[in-house]
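The block underneath contains the structure these notes are about, expressed in structure tokens.
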Amino acid sequence: MAQTSLLQGKRFYCREWVFHKIQHCLQEKTNNLVAGTSGTLGGSSGPPNTGGGPSSGTGKSGSWGVLLVGGPGSGKTALCTELIWPSAPQGAHRGLHQLCLAFHFCRAEDADTVCLSGFVRGLVAQIRGGGLVPQYEEKIRDPVVQSALQPGECERNPSEAFKRCVLLPLLSCKPPAQALFLLVDSVDEGVKAGDGESRSSSSSPRSIGELLAAHHELLPPWLLLICSGRRQNKNITKLFTDLKIQIPRTVWSVDMIRL
């Protein structure tokens with residue numbers, strides 16, 4: 001079952017600039033889809049480079065995304081909640097929530113929310129039920145895919161389940177007309193000291209952050225990964241930089257404007 005936010009239904013104020021930037025990133029990816037290209041990113045922050053070559057069908061050249069960082073209580077979870085369930089009229093009018101392929105909210109006090117197999121199953125259920133990628137339902141009926149989701153198997157090898165049941169089926173589907181996003185709030189939960197430096201194997205990730213980092217090259221070019229994490233946790237930033245993931249190119253601090 002998908003993990004939701006405890007802040008759902010609460011009023012949200014300010015931070016419009018963050019939503020505008022996310023909207024801009026989604027539009028850039030959509031433009032790349034229309035043009036048959038996939039933006040490649042490099043050095044410092046700024047608008048993504050849209051002059052990349054043709055998409056290869058994998059996410060390697062277009063797997064850039066957004067890492068939102070801020071201190072405790074700066075509003076990261078509130079912002080992510082507003083992105084999925086807009087409480088303000090302008091949020092509903094923006095329509096970003098309609099482009100959410102799937103979401104997940106991690107909480108340190110709830111072990112179920114940081115469980116890798118639960119994360120994978122939650123994504124599968126949301127993508128199937130959302131209908132934003134119609135071909136996905138057919139793809140996951142494959143016996144090989146179903147075997148990876150079986151009780152026990154998914155727990156033993158969540159990395160393989162994530163690849164076979166989420167990433168590879170999405171890559172084999174027809175791209176949607178508009179870019180979509182995958183949201184993971186508090187992705188730093190479960191990432192321990194030194195993980196960003198020493199963990200690079202996709203075979204045995206110990207956290208959702210590691211799982212995403214290990215498979216970034218298989219993210220579809222039309223999918224924007226949006227994650228949030230605490231500024232103090234440098235290890236999650238290392239995961240998304242040392243492993244050559246393009247996310248930190250658009251790292252925005254959500255506590256630049258305080259409520």
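Chain identifiers are assigned as A, B, and so on, following the order in which chains appear in the structure tokens; residues are numbered from 1 within each chain, and ligands are numbered from 1 in order of appearance.
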
Considering only C-alpha atoms, return as a compact mmCIF listing (two decimals) with N, CA, C and O atoms, in the first residue's frame whatever protein or nucleic-acid residues lie within 12 Å of A:Pro176, sequence-local ones (same chain, fewer than 4 positions apart) excluded.
```txt
# COMPACT_ATOMS: atom_id res chain seq x y z
N LYS A 29 11.43 18.43 -20.05
CA LYS A 29 11.41 17.02 -20.43
C LYS A 29 10.36 16.76 -21.51
O LYS A 29 10.59 15.97 -22.42
N THR A 30 9.22 17.41 -21.40
CA THR A 30 8.18 17.26 -22.42
C THR A 30 8.68 17.77 -23.76
O THR A 30 8.47 17.13 -24.80
N LEU A 33 10.87 15.27 -25.30
CA LEU A 33 10.11 14.16 -25.87
C LEU A 33 9.58 14.53 -27.26
O LEU A 33 9.67 13.75 -28.20
N VAL A 34 9.04 15.72 -27.35
CA VAL A 34 8.47 16.17 -28.62
C VAL A 34 9.55 16.30 -29.68
O VAL A 34 9.37 15.94 -30.84
N LEU A 99 0.22 15.04 -13.01
CA LEU A 99 1.38 14.47 -13.71
C LEU A 99 2.20 13.56 -12.80
O LEU A 99 3.30 13.16 -13.15
N LEU A 101 3.21 10.22 -11.45
CA LEU A 101 3.13 8.80 -11.77
C LEU A 101 2.97 7.98 -10.50
O LEU A 101 2.19 7.03 -10.44
N GLY A 131 -3.22 4.85 -14.48
CA GLY A 131 -3.61 4.90 -15.88
C GLY A 131 -2.85 5.91 -16.73
O GLY A 131 -3.21 6.14 -17.89
N LEU A 132 -1.76 6.50 -16.19
CA LEU A 132 -1.01 7.49 -16.97
C LEU A 132 -0.11 6.83 -18.01
O LEU A 132 0.28 7.47 -18.99
N VAL A 133 0.23 5.55 -17.78
CA VAL A 133 1.00 4.78 -18.76
C VAL A 133 0.19 3.52 -19.05
O VAL A 133 0.40 2.47 -18.43
N PRO A 134 -0.74 3.60 -19.99
CA PRO A 134 -1.71 2.51 -20.21
C PRO A 134 -1.08 1.15 -20.48
O PRO A 134 -1.63 0.12 -20.08
N GLN A 135 0.05 1.10 -21.15
CA GLN A 135 0.66 -0.18 -21.52
C GLN A 135 1.29 -0.90 -20.33
O GLN A 135 1.59 -2.10 -20.41
N TYR A 136 1.47 -0.19 -19.23
CA TYR A 136 2.16 -0.78 -18.07
C TYR A 136 1.41 -2.00 -17.54
O TYR A 136 2.03 -3.00 -17.16
N LEU A 170 8.38 0.21 -17.65
CA LEU A 170 8.15 1.60 -18.05
C LEU A 170 8.96 1.96 -19.28
O LEU A 170 8.48 2.67 -20.18
N LEU A 171 10.19 1.48 -19.34
CA LEU A 171 11.03 1.78 -20.50
C LEU A 171 10.48 1.16 -21.78
O LEU A 171 10.70 1.68 -22.87
N SER A 172 9.79 0.05 -21.66
CA SER A 172 9.25 -0.63 -22.85
C SER A 172 7.88 -0.11 -23.26
O SER A 172 7.35 -0.52 -24.29
N LEU A 180 6.15 12.99 -16.80
CA LEU A 180 5.56 12.71 -15.50
C LEU A 180 6.63 12.77 -14.43
O LEU A 180 7.82 12.86 -14.74
N PHE A 181 6.24 12.69 -13.16
CA PHE A 181 7.24 12.70 -12.10
C PHE A 181 6.97 11.62 -11.07
O PHE A 181 5.83 11.19 -10.86
N PRO A 220 13.19 6.20 -17.08
CA PRO A 220 12.78 6.64 -18.42
C PRO A 220 13.09 8.11 -18.63
O PRO A 220 13.00 8.90 -17.69
N PRO A 221 13.44 8.52 -19.84
CA PRO A 221 13.76 9.93 -20.12
C PRO A 221 12.58 10.86 -19.86
O PRO A 221 12.78 12.05 -19.67
N TRP A 222 11.37 10.32 -19.85
CA TRP A 222 10.18 11.16 -19.65
C TRP A 222 9.77 11.26 -18.19
O TRP A 222 8.76 11.88 -17.86
N LEU A 223 10.56 10.66 -17.30
CA LEU A 223 10.21 10.64 -15.88
C LEU A 223 11.15 11.54 -15.07
O LEU A 223 12.36 11.35 -15.09
```

I need the residues of stretch 67-185 of chain A that end up classed as strand (DSSP E) by DSSP on the backbone, written out as a PDB file with C-alpha atoms, in the first residue's frame.
```pdb
ATOM      1  CA  LEU A  67      16.696  17.109  -5.019  1.00  0.00           C
ATOM      2  CA  LEU A  68      14.997  19.453  -2.538  1.00  0.00           C
ATOM      3  CA  VAL A  69      17.076  20.063   0.575  1.00  0.00           C
ATOM      4  CA  GLY A  70      16.325  21.941   3.776  1.00  0.00           C
ATOM      5  CA  CYS A 100       2.368  12.351 -10.705  1.00  0.00           C
ATOM      6  CA  LEU A 101       3.126   8.795 -11.771  1.00  0.00           C
ATOM      7  CA  ALA A 102       3.672   7.639  -8.187  1.00  0.00           C
ATOM      8  CA  PHE A 103       4.749   8.947  -4.779  1.00  0.00           C
ATOM      9  CA  HIS A 104       6.182   7.715  -1.509  1.00  0.00           C
ATOM     10  CA  PHE A 105       6.607   9.407   1.872  1.00  0.00           C
ATOM     11  CA  LEU A 180       5.557  12.714 -15.496  1.00  0.00           C
ATOM     12  CA  PHE A 181       7.241  12.701 -12.102  1.00  0.00           C
ATOM     13  CA  LEU A 182       8.028  10.253  -9.327  1.00  0.00           C
ATOM     14  CA  LEU A 183       8.087  11.840  -5.857  1.00  0.00           C
ATOM     15  CA  VAL A 184       9.959  10.422  -2.857  1.00  0.00           C
ATOM     16  CA  ASP A 185       9.854  12.536   0.296  1.00  0.00           C
TER      17      ASP A 185
END
```

Original post:
Which residues in stretch 80-177 of chain A does DSSP call helix (DSSP H, G or I)? List them as a PyMOL selection string.
Top reply: chain A and resi 80-84+89-94+96-99+111-114+116-130+136-139+143-148+153-156+158-171

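The shell of residues at most 10 Å from A:Ala161, with only C-alpha atoms counted and near chain neighbours (fewer than 6 positions) removed, consists of Leu116, Ser117, Val120, Arg121, Val145, Gln146, Ser147, Ala148, Leu149, Gln150, Glu153, Cys154, Glu155 and Leu167 of chain A.
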
Would you save the residues from that selection as a short mmCIF file (atom, residue, chain, number, x, y, z; two decimals), in the first residue's frame, using N, CA and C atoms?
```cif
data_model
loop_
_atom_site.label_atom_id
_atom_site.label_comp_id
_atom_site.auth_asym_id
_atom_site.auth_seq_id
_atom_site.Cartn_x
_atom_site.Cartn_y
_atom_site.Cartn_z
N LEU A 116 12.01 -1.57 1.60
CA LEU A 116 12.26 -1.56 0.16
C LEU A 116 11.19 -2.32 -0.63
N SER A 117 10.82 -3.49 -0.14
CA SER A 117 9.81 -4.27 -0.87
C SER A 117 8.47 -3.54 -0.87
N VAL A 120 8.58 -0.81 -3.51
CA VAL A 120 8.42 -1.33 -4.87
C VAL A 120 6.96 -1.69 -5.14
N ARG A 121 6.33 -2.41 -4.22
CA ARG A 121 4.95 -2.82 -4.41
C ARG A 121 4.02 -1.60 -4.47
N VAL A 145 7.94 -10.95 -14.49
CA VAL A 145 7.67 -9.78 -13.65
C VAL A 145 6.89 -10.20 -12.40
N GLN A 146 5.88 -11.00 -12.60
CA GLN A 146 5.06 -11.44 -11.47
C GLN A 146 5.85 -12.25 -10.45
N SER A 147 6.79 -13.04 -10.93
CA SER A 147 7.60 -13.84 -10.01
C SER A 147 8.45 -12.97 -9.09
N ALA A 148 8.91 -11.83 -9.60
CA ALA A 148 9.73 -10.92 -8.80
C ALA A 148 8.92 -10.24 -7.71
N LEU A 149 7.58 -10.20 -7.88
CA LEU A 149 6.71 -9.56 -6.90
C LEU A 149 6.14 -10.53 -5.87
N GLN A 150 6.43 -11.81 -6.03
CA GLN A 150 5.88 -12.82 -5.14
C GLN A 150 6.35 -12.60 -3.70
N GLU A 153 10.09 -13.24 -2.43
CA GLU A 153 11.05 -12.94 -3.48
C GLU A 153 11.35 -11.45 -3.52
N CYS A 154 10.33 -10.64 -3.41
CA CYS A 154 10.52 -9.19 -3.43
C CYS A 154 11.33 -8.74 -2.21
N GLU A 155 11.10 -9.38 -1.08
CA GLU A 155 11.85 -9.05 0.13
C GLU A 155 13.30 -9.47 0.01
N LEU A 167 11.04 -0.33 -13.53
CA LEU A 167 11.85 0.39 -14.52
C LEU A 167 11.78 -0.20 -15.92
#
```

Original post:
Given the choices A:Val18, A:Leu239, A:Leu83, A:Leu225, which gets closest to A:Ala179 if the distance is worked out from only C-alpha atoms?
Top reply: A:Leu225

Original post:
So, counting only C-alpha atoms, which residue among A:Ala111, A:Arg15, A:Glu137, A:Thr241 is closest to A:Trp64?
Top reply: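 Among the listed residues, A:Thr241 lies closest to A:Trp64.
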
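Of the residues under consideration (A:Leu219, A:Cys106, A:Ile226, A:Gln126), A:Cys106 shows the shortest atom-to-atom contact distance to A:Asp188 when counting only C-alpha atoms.
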